[in-house]
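As structure tokens, the structure follows; a few thoughts come after it.
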2 protein chains.
Amino acid sequence: MGADRAKGHLDTLILSVLSMGPGHGYEVIAELRRRSDGAFDMPEGTIYPSLHRLEKQGLLESDWDTHDGRRRRVYRLTAQGATALAVATTEWRRFSVSMNAVLGVAG
Amino acid sequence: MGADRAKGHLDTLILSVLSMGPGHGYEVIAELRRRSDGAFDMPEGTIYPSLHRLEKQGLLESDWDTHDGRRRRVYRLTAQGATALAVATTEWRRFSVSMNAVLGVAG
DNA sequence: CGACTACCCCTAGACTACCTAGGTATGGGA
DNA sequence: TCCCATACCTAGGTAGTCTAGGGGTAGTCG
């Protein structure tokens with residue numbers, strides 16, 4: 001039971017990061033690490049396939065960009081992605097409340 | 001993204017229920033449903049393999065019991081299981097804090 | 001009596017998310 | 001020159017969970 005893994009909530013986290021503005025994969029990893037104070041330190045092999053999956057589902061769109069000679073794929077949330085994020089956030093809160101209720105800890 | 005699934009935290013939930021006293025599988029399901037106000041409604045095919053796995057890991061012990069002619073396998077937490085629960089609970093709180101930080105919602 | 005429901009246990013097989021472990025390539029600093 | 005940070009990618013395996021069945025007992029209702 002790793003402490004630093006997202007356990008089924010990874011898509012929610014990625015959508016959340018990209019809801020604040022477009023970004024590329026490597027940046028999403030850095031943002032996740034920064035905002036979670038180091039707790040979420042995802043390997044690239046986890047993030048990239050997840051981004052591809054989300055794009056295939058229509059929750060993200062992407063374009064190639066070139067920056068300092070390096071190419072990047074910049075992702076942005078679609079309207080559908082924004083809706084999915086809202087739903088997922090609500091679900092997370094409900095889930096969190098239920099977990100705390102069962103564990104008997106304060107939310 | 002199902003709202004009622006435990007996504008990697010199922011073991012923690014089961015250990016938590018059994019930390020309040022021994023119980024059998026069917027009872028664990030009912031307790032989970034009751035304590036989560038219906039949110040966690042786990043199918044038997046999820047709970048039983050999980051109980052077996054936890055026992056194999058040494059976190060639970062079990063004995064057969066007969067009650068009203070029906071046989072039950074009653075599980076109880078081992079010392080190792082209690083330790084694992086304490087660790088998992090701490091991890092859950094950290095995870096929860098990190099999720100809320102990234103999502104930008106109040107804990 | 002028969003049917004149905006609640007109780008109680010179990011497993012095989014499949015799905016899917018995630019991780020591991022590699023690969024490619026550029027730019028900059030030591 | 002070598003290494004590190006940046007930046008992308010995929011194949012393959014592991015493991016958790018669900019689906020979809022199987023078994024059986026006790027009590028109630030018609």
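By order of appearance in the structure tokens: chains A, B, ..., then residues from 1 within every chain, and ligands from 1 in the order shown.
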Please, which residues in chain A fall within 7 Å of chain D when counting only C-alpha atoms (C1' of nucleotides), and what is the closest atom pair and distance in Å to one decimal for each, ordered by chain then residue number, as CSV?
residue,atom,partner,partner_atom,distance
A:Tyr26,CA,D:DA7,C1',6.6
A:Arg70,CA,D:DA7,C1',7.0
A:Arg72,CA,D:DA7,C1',6.5
Check: which chain A residues lie within 7 Å of chain C using only C-alpha atoms (C1' of nucleotides), as number ranges by chain: A: 8, 46, 69-70
Keeping only C-alpha atoms, write the selected residues as a PDB file, in the first residue's frame.
ATOM      1  CA  GLY A   8      -7.785   5.360  -9.054  1.00  0.00           C
ATOM      2  CA  THR A  46       2.028   6.515 -15.431  1.00  0.00           C
ATOM      3  CA  GLY A  69      14.166  23.422 -29.547  1.00  0.00           C
ATOM      4  CA  ARG A  70      12.306  20.819 -27.525  1.00  0.00           C
TER       5      ARG A  70
END
Shell of 10 Å around Leu54 of chain B, only C-alpha atoms (C1' of nucleotides), local chain residues under 4 positions omitted, as a ChimeraX atom specification: /B:11,14-15,48-50,58-61,77,81
Output for the residues just chosen: N, CA and C atoms as a PDB file, in the first residue's frame:
ATOM      1  N   ASP B  11      -8.840  -2.771   1.610  1.00  0.00           N
ATOM      2  CA  ASP B  11      -8.204  -3.467   2.724  1.00  0.00           C
ATOM      3  C   ASP B  11      -8.262  -2.630   3.997  1.00  0.00           C
ATOM      4  N   ILE B  14     -11.776  -2.802   5.463  1.00  0.00           N
ATOM      5  CA  ILE B  14     -12.055  -4.085   6.100  1.00  0.00           C
ATOM      6  C   ILE B  14     -11.339  -4.187   7.441  1.00  0.00           C
ATOM      7  N   LEU B  15     -10.077  -3.819   7.465  1.00  0.00           N
ATOM      8  CA  LEU B  15      -9.326  -3.856   8.716  1.00  0.00           C
ATOM      9  C   LEU B  15      -9.985  -2.949   9.757  1.00  0.00           C
ATOM     10  N   TYR B  48     -14.852 -11.348  -0.132  1.00  0.00           N
ATOM     11  CA  TYR B  48     -14.282 -12.631   0.279  1.00  0.00           C
ATOM     12  C   TYR B  48     -12.833 -12.827  -0.179  1.00  0.00           C
ATOM     13  N   PRO B  49     -12.531 -12.594  -1.433  1.00  0.00           N
ATOM     14  CA  PRO B  49     -11.115 -12.714  -1.830  1.00  0.00           C
ATOM     15  C   PRO B  49     -10.215 -11.765  -1.047  1.00  0.00           C
ATOM     16  N   SER B  50     -10.741 -10.612  -0.720  1.00  0.00           N
ATOM     17  CA  SER B  50      -9.958  -9.639   0.030  1.00  0.00           C
ATOM     18  C   SER B  50      -9.667 -10.147   1.448  1.00  0.00           C
ATOM     19  N   GLY B  58      -1.312 -12.372   6.978  1.00  0.00           N
ATOM     20  CA  GLY B  58      -1.115 -12.388   8.431  1.00  0.00           C
ATOM     21  C   GLY B  58      -1.764 -11.230   9.162  1.00  0.00           C
ATOM     22  N   LEU B  59      -2.607 -10.481   8.462  1.00  0.00           N
ATOM     23  CA  LEU B  59      -3.256  -9.330   9.111  1.00  0.00           C
ATOM     24  C   LEU B  59      -4.569  -9.724   9.778  1.00  0.00           C
ATOM     25  N   LEU B  60      -5.095 -10.873   9.362  1.00  0.00           N
ATOM     26  CA  LEU B  60      -6.330 -11.402   9.950  1.00  0.00           C
ATOM     27  C   LEU B  60      -6.127 -12.865  10.322  1.00  0.00           C
ATOM     28  N   GLU B  61      -6.932 -13.331  11.278  1.00  0.00           N
ATOM     29  CA  GLU B  61      -7.028 -14.747  11.608  1.00  0.00           C
ATOM     30  C   GLU B  61      -8.498 -15.112  11.572  1.00  0.00           C
ATOM     31  N   LEU B  77      -8.711  -9.297  13.874  1.00  0.00           N
ATOM     32  CA  LEU B  77      -7.446  -8.630  13.582  1.00  0.00           C
ATOM     33  C   LEU B  77      -6.306  -9.275  14.372  1.00  0.00           C
ATOM     34  N   GLY B  81      -2.104  -6.950  12.021  1.00  0.00           N
ATOM     35  CA  GLY B  81      -3.197  -6.282  11.339  1.00  0.00           C
ATOM     36  C   GLY B  81      -3.500  -4.929  11.955  1.00  0.00           C
TER      37      GLY B  81
END
Residue list for chain A near chain B as a ChimeraX atom specification, 6 Å, only C-alpha atoms: /A:3,7-8,16,35-36,91,98,102-103
All strand (DSSP E) positions in segment 16-93 of chain A, as number ranges by chain: A: 23-24, 60-67, 70-77
Take the residues from that selection and write them out as a short mmCIF file (atom, residue, chain, number, x, y, z; two decimals), in the first residue's frame, keeping N, CA, C and O atoms.
data_model
loop_
_atom_site.label_atom_id
_atom_site.label_comp_id
_atom_site.auth_asym_id
_atom_site.auth_seq_id
_atom_site.Cartn_x
_atom_site.Cartn_y
_atom_site.Cartn_z
N GLY A 23 -1.12 22.68 -20.32
CA GLY A 23 0.20 22.27 -19.87
C GLY A 23 0.61 20.99 -20.55
O GLY A 23 -0.21 20.29 -21.12
N HIS A 24 1.92 20.69 -20.51
CA HIS A 24 2.40 19.45 -21.11
C HIS A 24 2.69 18.42 -20.03
O HIS A 24 2.70 18.74 -18.83
N LEU A 60 -9.62 15.70 -22.94
CA LEU A 60 -8.49 16.58 -23.21
C LEU A 60 -8.32 16.74 -24.72
O LEU A 60 -8.72 15.87 -25.49
N GLU A 61 -7.66 17.85 -25.11
CA GLU A 61 -7.22 18.05 -26.48
C GLU A 61 -5.75 18.44 -26.40
O GLU A 61 -5.30 18.96 -25.39
N SER A 62 -5.02 18.20 -27.49
CA SER A 62 -3.59 18.54 -27.45
C SER A 62 -3.08 19.06 -28.79
O SER A 62 -3.67 18.79 -29.84
N ASP A 63 -2.00 19.82 -28.72
CA ASP A 63 -1.28 20.28 -29.90
C ASP A 63 0.20 20.23 -29.61
O ASP A 63 0.62 20.41 -28.47
N TRP A 64 0.98 20.04 -30.70
CA TRP A 64 2.42 20.07 -30.55
C TRP A 64 2.90 21.51 -30.49
O TRP A 64 2.40 22.38 -31.19
N ASP A 65 3.88 21.70 -29.62
CA ASP A 65 4.45 23.03 -29.43
C ASP A 65 5.97 22.86 -29.41
O ASP A 65 6.47 21.81 -29.04
N THR A 66 6.70 23.91 -29.85
CA THR A 66 8.16 23.83 -29.75
C THR A 66 8.65 24.94 -28.85
O THR A 66 8.28 26.12 -29.00
N HIS A 67 9.50 24.57 -27.90
CA HIS A 67 9.98 25.52 -26.91
C HIS A 67 11.45 25.23 -26.65
O HIS A 67 11.80 24.16 -26.18
N ARG A 70 12.91 22.08 -27.97
CA ARG A 70 12.31 20.82 -27.52
C ARG A 70 10.83 20.82 -27.88
O ARG A 70 10.14 21.82 -27.72
N ARG A 71 10.39 19.68 -28.35
CA ARG A 71 8.97 19.61 -28.68
C ARG A 71 8.18 19.13 -27.48
O ARG A 71 8.63 18.29 -26.70
N ARG A 72 7.00 19.71 -27.36
CA ARG A 72 6.11 19.35 -26.26
C ARG A 72 4.71 19.16 -26.81
O ARG A 72 4.30 19.81 -27.77
N ARG A 73 3.98 18.29 -26.12
CA ARG A 73 2.57 18.16 -26.46
C ARG A 73 1.79 18.86 -25.36
O ARG A 73 1.80 18.44 -24.19
N VAL A 74 1.14 19.93 -25.74
CA VAL A 74 0.42 20.75 -24.75
C VAL A 74 -1.06 20.33 -24.72
O VAL A 74 -1.75 20.35 -25.74
N TYR A 75 -1.50 19.98 -23.53
CA TYR A 75 -2.88 19.53 -23.33
C TYR A 75 -3.73 20.62 -22.71
O TYR A 75 -3.25 21.43 -21.93
N ARG A 76 -4.99 20.61 -23.10
CA ARG A 76 -5.97 21.52 -22.46
C ARG A 76 -7.28 20.78 -22.27
O ARG A 76 -7.61 19.84 -22.98
N LEU A 77 -8.03 21.23 -21.26
CA LEU A 77 -9.31 20.63 -20.94
C LEU A 77 -10.35 20.97 -22.00
O LEU A 77 -10.42 22.12 -22.46
#
Residues of chain A in alpha helix (DSSP H), written as JSON, numbers by chain: {"A": [10, 11, 12, 13, 14, 15, 16, 17, 18, 25, 26, 27, 28, 29, 30, 31, 32, 33, 34, 35, 44, 45, 46, 47, 48, 49, 50, 51, 52, 53, 54, 55, 56, 79, 80, 81, 82, 83, 84, 85, 86, 87, 88, 89, 90, 91, 92, 93, 94, 95, 96, 97, 98, 99, 100, 101, 102, 103]}
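For the pair atom CA of Lys56 of chain B and atom CA of Leu18 of chain B, the separation is 15.9 Å.
With only C-alpha atoms as the basis for measurement, B:Ile47 is the residue among B:Met42, B:Ala79, B:Ile47, B:Ala86 that approaches Gly25 of chain B most closely.
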